[in-house]
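Worksheet: the structure to be examined is printed underneath.
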Amino acid sequence: MLSIQGRHALAKLMLPFFFILAVGLIMLGLTRRPAVDSLRMKLADGLSPAYRLMAAPGTGLGHLRQSLVGLTDIAGENARLRAENQKLRRWYDVAVALADENAQLKASLHWIPDNAPNFVSGHALRDAGGLYGRSILLAVGDGHGIVPGDVALDVSGLLGRVTETGSHTVRILMINDEASRIPVMLTASRGNAIMAGDGSLYPRLIYYAQDNRPVEGERVVTGEQPAPEGRDHGAFAGMPGGLVVGTVHYLRPGSPVVVPEAALDHPDIVRVFNYMIADHNGPDAPGRVHLTPPMPVAPELPLVPFQKPVRGQG
C-alpha cells in the first residue's frame with residue numbers, strides 16, 4: 001500500500017496525465033481519422049447490446065402506456081357509438097311513425113302524386129347576343145325536346161327559363177335580367193313578392209306587403225302565382241312553386257334584394273326541367289261540389305219597327 005505522501009503525489013499527477021491523454025487522443029484523431037472512426041464504430045457495435053438492454057425498460061413502459069391510452073380511447077369511442085346508436089334508433093322510430101301517418105293522410109285525401117318532370121342537362125356557353133342582357137346559351141345536342149318556358153336550374157337553385165330553342169342549343173333568360181319578373185314566396189314571413197331583375201347579381205324584391213316586410217336572411221322560393229296574360233318572356237308562366245331561389249338581404253334600409261343560390265356569374269352544368277304537366281280533375285271526394293250546367297238562354301224575338309199612328313184613323 002502506498003503511503004500518504006505517495007497518494008498525494010499520485011493525486012497531483014492525475015490531472016496532468018489526463019490532460020496529456022486528451023491532447024494525445026485529439027492529435028491521433030486528426031492524424032489517423034479513418035482508424036479512429038473505425039475504432040469508434042467497433043466500440044459502438046460492441047456496446048449496442050448493452051444500450052438495448054438499458055433501453056428495454058423504457059421501451060416496455062412506453063408500449064404499456066400506449067396500450068392503456070388505446071384501451072381508454074376505445075372505451076370512450078364505444079360509449080359514444082352506443083349513444084349515437086340509441087339516438088338514431090329513436091329517430092328511426094319517429095321517421096317510421098311519420099311515414100305511416102303520411103301514408104294514411106294521403107289515402108284519406110285521395111292524394112295524387114305529381115309526375116316527375118323530364119330534364120335535359122347541358123354545358124353553359126357564354127353569349128352576349130340576343131334580345132336580353134343577362135342570358136346564356138346551353139349546348140344540349142340533337143333531339144333535346146326542350147320548349148320555351150322550361151325551367152333551368154343548376155346544382156344549387158334557380159337560374160332562369162328557356163326563351164328560345166334551336167336544333168343544338170337553347171337560350172336561357174337569367175333571373176337577374178331586367179326583363180325577368182318572378183313571383184316568389186318568403187318562407188319565414190310567409191309573404192309574397194315579385195323578384196325583379198335589374199342586371200346586377202342581386203335581383204330586387206318588389207310588390208310585397210308593407211305590413212309584412214321581408215326578413216333579413218329568410219329563404220326565398222318560387223311562388224305558384226300564374227303570370228298575367230299578354231306579358232313578355234320575363235313573366236314566368238308555368239313556374240312551379242317551391243324551387244329554391246336564394247335568401248333575403250338588405251343592401252340598404254328599405255331595399256331588399258335576393259342573394260341567389262345559383263351561380264349566375266359562372267354557370268357550368270345546367271339542367272332544364274319541363275314542368276308543363278296537364279291539369280287533371282282528380283277523383284271525386286266527399287264534399288266535392290259538382291258544377292251545374294248553365295241555364296239555356298231564350299231565343300231573341302225579331303225586332304218590329306215602330307210605326308207612328310196616322311191621325312184621323314180609328
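Residue numbers start at 1 in each chain; chains themselves are named A, B, ... in the order of the C-alpha cells; ligands are numbered from 1 in the order shown.
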
- Item | Long-range neighbours of Tyr208 (chain A) as an NGL selection string, 9 Å cut-off, only C-alpha atoms, 6 positions minimum in chain | :A and (191-194 or 214)

- Selection near Gly166 (chain A), 12 Å with only C-alpha atoms, sequence-local residues under 2 positions removed, as number ranges by chain: A: 137-148, 162-164, 168-172

Please produce an output containing C-alpha atoms for each residue in the selection, written as a CSV table (one decimal), in the first residue's frame.
chain,number,residue,atom,x,y,z
A,137,LEU,CA,-76.7,29.6,-74.5
A,138,LEU,CA,-77.0,26.0,-73.4
A,139,ALA,CA,-75.5,23.2,-75.6
A,140,VAL,CA,-77.9,20.3,-75.4
A,141,GLY,CA,-77.4,18.4,-78.6
A,142,ASP,CA,-79.9,16.9,-81.1
A,143,GLY,CA,-83.4,15.7,-80.1
A,144,HIS,CA,-83.4,17.6,-76.8
A,145,GLY,CA,-87.2,18.2,-76.7
A,146,ILE,CA,-86.9,21.5,-74.8
A,147,VAL,CA,-89.6,24.1,-75.4
A,148,PRO,CA,-89.8,27.8,-74.4
A,162,VAL,CA,-85.9,28.9,-71.7
A,163,THR,CA,-86.9,31.7,-74.1
A,164,GLU,CA,-85.6,30.4,-77.5
A,168,HIS,CA,-78.4,22.1,-80.8
A,169,THR,CA,-78.7,25.0,-78.3
A,170,VAL,CA,-81.3,26.8,-76.3
A,171,ARG,CA,-81.3,30.3,-74.8
A,172,ILE,CA,-81.9,30.8,-71.1

- Write down as an MDAnalysis selection string the residues of region 30-262 of chain A whose backbone DSSP state falls under helix (DSSP H, G or I). chainID A and resid 30:31 33:108

- For CA of Val245 (chain A) and CA of Val151 (chain A), the interatomic separation in Å (one decimal):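 Result for CA of Val245 (chain A) versus CA of Val151 (chain A): 12.2 Å, one decimal.
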
- Message: Among region 131-241 of chain A, which residues does DSSP mark as strand (DSSP E or B) when it is run on the backbone? Keep the chain and numbering as in the structure and answer as number ranges by chain.
- Response: A: 135-139, 151-153, 158-165, 169-174, 181-186, 192-196, 204-206, 219-222, 235

- Between CA of Leu43 (chain A) and CA of Leu28 (chain A), distance in Å (one decimal): 16.7 Å
